[in-house]
Amino acid sequence: MIWNTLLIALREIRRNLLRAFLTILGIVIGVLAVVTMVTLGNGATQAVSAQVASLGSNLLMVMPGQRLGPGRDSAGAPSFKLADAEAIRAQIPGLAGVAPMASSQVTVVAGGQNWSTTIQGSSRDWFHAGAWKLASGRLFNEGEERAGAAVCVVGERVRKELFGKQDPVGSQIRVKQFVCDVVGLLQAKGQSGMGRDQDDVVVMPLRTVQRRLTGSQDVAGLMISVRDGVSTSKVQQQLEGLLRERRHIADLEQDNFNVMDTRQIAETLSGTTQVLTALLGAVAAVSLLVGGIGIMNIMLVSVTERTREIGIRLAIGALEQEVLLQFLIEAVVLSSLGGLIGILLATGLSMVLADLMQVPYAFDPGINLLAFGFSAAIGVIFGYFPARRAARLDPIEALRHE
């Protein structure tokens with residue numbers, strides 16, 4: 001009976017292909033919007049997580065002031081000293097490296113090209129903590145660090161702007177009034193989770209930057225790498241206690257520094273993008289309900305048009321449940337077909353948009369199955385009332401219908 005009813009339903013749909021297409025259009029758009037939004041949202045979440053991870057794993061960033069980011073309150077907060085980094089390295093166990101940092105924004109010149117970039121002064125630990133790898137050349141050595149030698153390692157963006165496609169290792173760049181030997185080239189990383197171009201950097205020994213650029217012994221921040229298997233939360237507590245002691249902060253006073261755990265940042269940003277993805281998906285799902293209303297409207301029109309046919313079927317012995325099942329199957333077939341078309345279109349559109357937005361294409365079988373199941377359920381819900389109305393027609397009145 002079910003197979004015969006399905007054939008009848010498909011025959012009726014084929015008789016009015018244009019109307020069937022217009023009927024399922026709302027379902028197609030709804031499924032397309034939901035699947036595309038969620039897929040792109042998942043890709044954006046993966047991209048943010050990857051960008052934050054590129055800063056380094058098990059990493060703590062310590063900066064003066066009471067908060068980090070744009071507009072951070074660092075006014076009146078004393079800078080760190082090199083002795084602070086040495087004390088942290090000596091007194092806190094479980095650390096892979098401690099990199100004191102001092103930076104300056106300057107214009108560098110090589111040949112006939114110039115480029116405004118960030119000069120980052122630090123130690124060799126900076127490369128390990130930030131998970132940097134060399135594309136060519138070498139890092140500056142400990143002797144060059146102690147002597148404050150004029151050597152540097154450049155990022156990929158600086159190489160492109162100053163040297164084009166050439167390998168800069170062995171060349172020289174002019175920084176203000178001194179010349180620096182390029183000893184290494186960093187592998188490209190791209191943007192960080194905060195939107196900063198990580199490759200737009202020139203790294204020098206800390207003493208070089210302090211003597212030749214900043215003119216002070218101040219350390220603007222500390223980058224602390226924690227060993228694998230060691231709790232970053234425990235290290236952070238020890239770090240805060242040590243710095244409060246060294247900076248002579250009383251018990252009731254607030255910290256005049258801030259410790260940022262990159263893992264917590266990744267979790268926060270990922271959670272934010274997931275919430276936004278869910279919100280966009282919920283908004284897009286409203287169009288599925290609109291599509292369901294369209295199916296119910298067309299099915300009611302179909303019942304009215306086929307009243308005489310329904311009366312004949314009932315008069316020759318068809319049961320009410322057979323008529324109910326016929327119209328219900330028509331609604332479910334229409335909505336399921338719309339869901340399938342929507343998923344196929346969403347897959348193609350998501351691939352194109354992911355490439356344009358430069359985020360990974362994150363196929364999620366769960367949301368695709370959920371969207372298809374929801375579209376089929378809409379066919380059942382919104383198709384039941386028209387089917388029930390058709391099944392309850394009085395055969396005599398139906399046969400009289402013109």
# chains A, B, ... in the order shown; residues from 1 in each chain; ligands from 1
>>> closest_atom_pairs(of="segment 315-395 of chain A", to="segment 22-40 of chain A", cutoff="7 Å", atoms="only C-alpha atoms", output="Markdown table")
| residue | atom | partner | partner_atom | distance |
| --- | --- | --- | --- | --- |
| A:Leu334 | CA | A:Ile24 | CA | 6.1 |
| A:Ser335 | CA | A:Ile24 | CA | 6.1 |
| A:Gly338 | CA | A:Val28 | CA | 4.8 |
| A:Gly339 | CA | A:Val28 | CA | 5.8 |
| A:Ile341 | CA | A:Val28 | CA | 6.2 |
| A:Gly342 | CA | A:Val28 | CA | 4.3 |
| A:Ile343 | CA | A:Leu32 | CA | 6.0 |
| A:Leu345 | CA | A:Leu32 | CA | 6.4 |
| A:Ala346 | CA | A:Leu32 | CA | 4.8 |
| A:Ser350 | CA | A:Thr36 | CA | 5.5 |
| A:Ala354 | CA | A:Leu40 | CA | 6.4 |
| A:Ala362 | CA | A:Thr39 | CA | 5.8 |
| A:Phe363 | CA | A:Thr39 | CA | 6.3 |
| A:Asp364 | CA | A:Thr39 | CA | 6.7 |
| A:Ile367 | CA | A:Val35 | CA | 6.5 |
| A:Asn368 | CA | A:Val35 | CA | 6.4 |
| A:Ala371 | CA | A:Val31 | CA | 6.0 |
| A:Ser375 | CA | A:Ile27 | CA | 6.8 |
>>> write_last_selection(atoms="N, CA and C atoms", output="JSON list (two decimals), in the first residue's frame")
[["chain", "number", "residue", "atom", "x", "y", "z"],
["A", 334, "LEU", "N", 8.11, 16.50, -1.06],
["A", 334, "LEU", "CA", 8.45, 17.87, -1.46],
["A", 334, "LEU", "C", 9.48, 18.48, -0.51],
["A", 335, "SER", "N", 9.23, 18.37, 0.79],
["A", 335, "SER", "CA", 10.14, 18.99, 1.76],
["A", 335, "SER", "C", 11.51, 18.28, 1.78],
["A", 338, "GLY", "N", 13.44, 19.32, -1.24],
["A", 338, "GLY", "CA", 13.97, 20.66, -1.01],
["A", 338, "GLY", "C", 15.17, 20.65, -0.09],
["A", 339, "GLY", "N", 15.11, 19.79, 0.96],
["A", 339, "GLY", "CA", 16.25, 19.69, 1.86],
["A", 339, "GLY", "C", 17.48, 19.14, 1.18],
["A", 341, "ILE", "N", 18.24, 19.27, -2.10],
["A", 341, "ILE", "CA", 18.77, 20.30, -3.01],
["A", 341, "ILE", "C", 19.48, 21.39, -2.23],
["A", 342, "GLY", "N", 18.90, 21.79, -1.10],
["A", 342, "GLY", "CA", 19.52, 22.83, -0.27],
["A", 342, "GLY", "C", 20.88, 22.42, 0.24],
["A", 343, "ILE", "N", 21.04, 21.16, 0.65],
["A", 343, "ILE", "CA", 22.32, 20.67, 1.15],
["A", 343, "ILE", "C", 23.37, 20.67, 0.04],
["A", 345, "LEU", "N", 23.43, 22.55, -2.69],
["A", 345, "LEU", "CA", 23.78, 23.94, -3.00],
["A", 345, "LEU", "C", 24.64, 24.55, -1.89],
["A", 346, "ALA", "N", 24.30, 24.22, -0.64],
["A", 346, "ALA", "CA", 25.07, 24.77, 0.49],
["A", 346, "ALA", "C", 26.50, 24.27, 0.48],
["A", 350, "SER", "N", 29.37, 26.93, 0.30],
["A", 350, "SER", "CA", 30.28, 27.00, 1.45],
["A", 350, "SER", "C", 31.74, 26.89, 1.01],
["A", 354, "ALA", "N", 34.16, 29.93, 1.71],
["A", 354, "ALA", "CA", 35.30, 29.64, 2.59],
["A", 354, "ALA", "C", 36.61, 30.04, 1.93],
["A", 362, "ALA", "N", 34.91, 23.50, 6.73],
["A", 362, "ALA", "CA", 34.70, 22.52, 7.80],
["A", 362, "ALA", "C", 33.38, 21.80, 7.58],
["A", 363, "PHE", "N", 33.43, 20.67, 6.85],
["A", 363, "PHE", "CA", 32.20, 19.91, 6.61],
["A", 363, "PHE", "C", 31.72, 19.29, 7.93],
["A", 364, "ASP", "N", 30.45, 19.53, 8.24],
["A", 364, "ASP", "CA", 29.86, 19.02, 9.47],
["A", 364, "ASP", "C", 28.71, 18.09, 9.11],
["A", 367, "ILE", "N", 25.25, 18.80, 11.10],
["A", 367, "ILE", "CA", 24.32, 19.86, 10.72],
["A", 367, "ILE", "C", 23.62, 19.54, 9.41],
["A", 368, "ASN", "N", 24.31, 18.80, 8.51],
["A", 368, "ASN", "CA", 23.67, 18.41, 7.26],
["A", 368, "ASN", "C", 22.53, 17.40, 7.51],
["A", 371, "ALA", "N", 19.67, 19.32, 9.26],
["A", 371, "ALA", "CA", 18.90, 20.16, 8.35],
["A", 371, "ALA", "C", 17.98, 19.31, 7.47],
["A", 375, "SER", "N", 13.92, 19.38, 7.63],
["A", 375, "SER", "CA", 13.10, 19.67, 6.45],
["A", 375, "SER", "C", 12.05, 18.57, 6.25]]
>>> residues_around(residues="Thr117 of chain A", least_positions_apart="3", cutoff="9 Å", atoms="only C-alpha atoms", output="ChimeraX atom specification")
/A:104-108,158,200-202
>>> write_last_selection(atoms="C-alpha atoms", output="compact mmCIF listing (two decimals), in the first residue's frame")
# COMPACT_ATOMS: atom_id res chain seq x y z
CA SER A 104 60.12 49.87 18.56
CA GLN A 105 58.31 50.92 15.39
CA VAL A 106 60.86 52.14 12.84
CA THR A 107 61.48 52.37 9.11
CA VAL A 108 64.06 49.93 7.77
CA VAL A 158 59.71 42.27 5.61
CA ASP A 200 55.89 41.95 9.75
CA VAL A 201 58.74 41.88 12.25
CA VAL A 202 62.51 42.19 12.57
>>> residues_around(residues="segment 94-100 of chain A", least_positions_apart="2", cutoff="8 Å", atoms="only C-alpha atoms", output="PyMOL selection string")
chain A and resi 82+85+88-89+92+102+122-126+128-129+206+219-227+230+235
>>> closest_residue(among="A:Leu10, A:Val179, A:Ala20, A:Leu59", to="Met260 of chain A", atoms="only C-alpha atoms")
A:Leu59
>>> select_by_dssp(residues="segment 52-275 of chain A", states="strand (DSSP E or B)", output="PyMOL selection string")
chain A and resi 59-64+80+95-110+113-122+134-137+151-154+172-175+178-186+191+197+201-205+219+221-226+257-261
>>> write_last_selection(atoms="C-alpha atoms", output="compact mmCIF listing (two decimals), in the first residue's frame")
# COMPACT_ATOMS: atom_id res chain seq x y z
CA LEU A 59 52.37 30.40 26.48
CA LEU A 60 51.93 33.13 29.09
CA MET A 61 52.24 36.79 28.12
CA VAL A 62 53.05 39.29 30.89
CA MET A 63 52.56 42.99 30.26
CA PRO A 64 52.52 46.04 32.56
CA PHE A 80 59.83 45.17 33.84
CA LEU A 95 59.39 26.64 32.33
CA ALA A 96 60.73 25.99 28.85
CA GLY A 97 61.88 29.55 28.32
CA VAL A 98 61.54 33.17 29.44
CA ALA A 99 61.85 35.85 26.77
CA PRO A 100 62.03 39.52 27.85
CA MET A 101 60.84 41.87 25.11
CA ALA A 102 61.36 45.47 24.02
CA SER A 103 60.03 46.79 20.73
CA SER A 104 60.12 49.87 18.56
CA GLN A 105 58.31 50.92 15.39
CA VAL A 106 60.86 52.14 12.84
CA THR A 107 61.48 52.37 9.11
CA VAL A 108 64.06 49.93 7.77
CA VAL A 109 65.90 50.39 4.47
CA ALA A 110 67.54 47.89 2.13
CA GLN A 113 63.34 49.92 -0.68
CA ASN A 114 62.06 51.01 2.73
CA TRP A 115 59.38 49.60 4.99
CA SER A 116 57.90 50.60 8.36
CA THR A 117 57.93 47.59 10.67
CA THR A 118 58.25 46.46 14.27
CA ILE A 119 61.70 45.85 15.68
CA GLN A 120 61.38 43.17 18.36
CA GLY A 121 64.23 42.86 20.81
CA SER A 122 64.41 39.63 22.79
CA LEU A 134 63.59 29.29 10.31
CA ALA A 135 63.11 29.30 6.54
CA SER A 136 66.83 29.93 6.04
CA GLY A 137 69.90 31.13 7.92
CA VAL A 151 72.35 41.19 13.82
CA CYS A 152 68.74 40.40 13.04
CA VAL A 153 66.25 37.79 11.86
CA VAL A 154 63.53 39.09 9.55
CA GLN A 172 72.22 44.19 5.41
CA ILE A 173 69.40 46.52 6.38
CA ARG A 174 69.71 50.03 7.77
CA VAL A 175 67.78 50.77 10.96
CA PHE A 178 73.08 51.77 12.20
CA VAL A 179 73.39 48.84 9.83
CA CYS A 180 72.21 45.37 10.80
CA ASP A 181 73.35 42.05 9.33
CA VAL A 182 70.50 39.70 8.38
CA VAL A 183 71.41 36.24 9.70
CA GLY A 184 68.06 34.44 9.40
CA LEU A 185 64.63 34.39 7.76
CA LEU A 186 61.52 33.23 9.64
CA GLN A 191 47.82 36.91 10.96
CA ASP A 197 50.52 40.41 10.78
CA VAL A 201 58.74 41.88 12.25
CA VAL A 202 62.51 42.19 12.57
CA VAL A 203 63.99 40.40 15.61
CA MET A 204 67.22 41.58 17.25
CA PRO A 205 69.01 40.81 20.52
CA VAL A 219 61.52 45.51 29.34
CA GLY A 221 56.84 42.54 28.35
CA LEU A 222 57.69 38.94 29.10
CA MET A 223 56.89 35.88 27.01
CA ILE A 224 56.96 32.73 29.14
CA SER A 225 56.79 29.23 27.66
CA VAL A 226 55.62 26.42 29.94
CA PHE A 257 50.63 43.92 35.49
CA ASN A 258 48.55 41.43 33.54
CA VAL A 259 49.20 37.76 32.76
CA MET A 260 47.51 36.40 29.64
CA ASP A 261 47.19 32.69 28.90
>>> atom_distance(atom1="atom CA of Leu289 of chain A", atom2="atom CA of Phe372 of chain A")
13.5 Å
>>> atom_distance(atom1="atom CA of Ala188 of chain A", atom2="atom CA of Gly155 of chain A")
7.0 Å
>>> atom_distance(atom1="atom CA of Thr214 of chain A", atom2="atom CA of Glu161 of chain A")
24.3 Å
>>> residues_around(residues="Ala44 of chain A", least_positions_apart="6", cutoff="10 Å", atoms="only C-alpha atoms", output="list in words")
Val38, Ala50, Ser270, Thr273, Gln274, Thr277, Ala354, Met357, Gln358, Val359, Pro360, Tyr361 and Ala362 of chain A
>>> write_last_selection(atoms="N, CA and C atoms", output="mmCIF file, in the first residue's frame")
data_model
loop_
_atom_site.group_PDB
_atom_site.id
_atom_site.type_symbol
_atom_site.label_atom_id
_atom_site.label_comp_id
_atom_site.auth_asym_id
_atom_site.auth_seq_id
_atom_site.Cartn_x
_atom_site.Cartn_y
_atom_site.Cartn_z
ATOM 1 N N VAL A 38 26.344 27.691 9.367
ATOM 2 C CA VAL A 38 27.007 26.856 10.364
ATOM 3 C C VAL A 38 28.367 26.375 9.854
ATOM 4 N N ALA A 50 43.461 28.293 15.149
ATOM 5 C CA ALA A 50 44.775 28.113 14.537
ATOM 6 C C ALA A 50 45.625 29.373 14.657
ATOM 7 N N SER A 270 36.998 31.049 20.509
ATOM 8 C CA SER A 270 36.264 29.947 19.897
ATOM 9 C C SER A 270 34.834 29.889 20.420
ATOM 10 N N THR A 273 32.789 32.687 18.691
ATOM 11 C CA THR A 273 32.400 32.374 17.311
ATOM 12 C C THR A 273 31.351 31.267 17.264
ATOM 13 N N GLN A 274 31.407 30.327 18.199
ATOM 14 C CA GLN A 274 30.398 29.273 18.238
ATOM 15 C C GLN A 274 29.028 29.822 18.599
ATOM 16 N N THR A 277 27.758 31.608 15.581
ATOM 17 C CA THR A 277 27.341 30.619 14.579
ATOM 18 C C THR A 277 25.968 30.069 14.907
ATOM 19 N N ALA A 354 34.163 29.933 1.711
ATOM 20 C CA ALA A 354 35.297 29.642 2.593
ATOM 21 C C ALA A 354 36.610 30.044 1.933
ATOM 22 N N MET A 357 36.721 33.899 1.989
ATOM 23 C CA MET A 357 36.942 34.412 3.338
ATOM 24 C C MET A 357 38.263 33.925 3.934
ATOM 25 N N GLN A 358 38.937 33.013 3.220
ATOM 26 C CA GLN A 358 40.215 32.461 3.666
ATOM 27 C C GLN A 358 40.088 31.783 5.025
ATOM 28 N N VAL A 359 39.032 30.966 5.147
ATOM 29 C CA VAL A 359 38.852 30.127 6.327
ATOM 30 C C VAL A 359 38.741 28.681 5.860
ATOM 31 N N PRO A 360 39.042 27.711 6.728
ATOM 32 C CA PRO A 360 38.941 26.309 6.310
ATOM 33 C C PRO A 360 37.494 25.921 6.002
ATOM 34 N N TYR A 361 37.322 25.017 5.031
ATOM 35 C CA TYR A 361 35.995 24.452 4.785
ATOM 36 C C TYR A 361 35.804 23.306 5.768
ATOM 37 N N ALA A 362 34.909 23.497 6.726
ATOM 38 C CA ALA A 362 34.703 22.521 7.796
ATOM 39 C C ALA A 362 33.376 21.804 7.582
#
>>> select_by_dssp(residues="segment 98-316 of chain A", states="helix (DSSP H, G or I)", output="NGL selection string")
:A and (125-129 or 142-147 or 156-163 or 206-214 or 232-246 or 262-305 or 307-315)
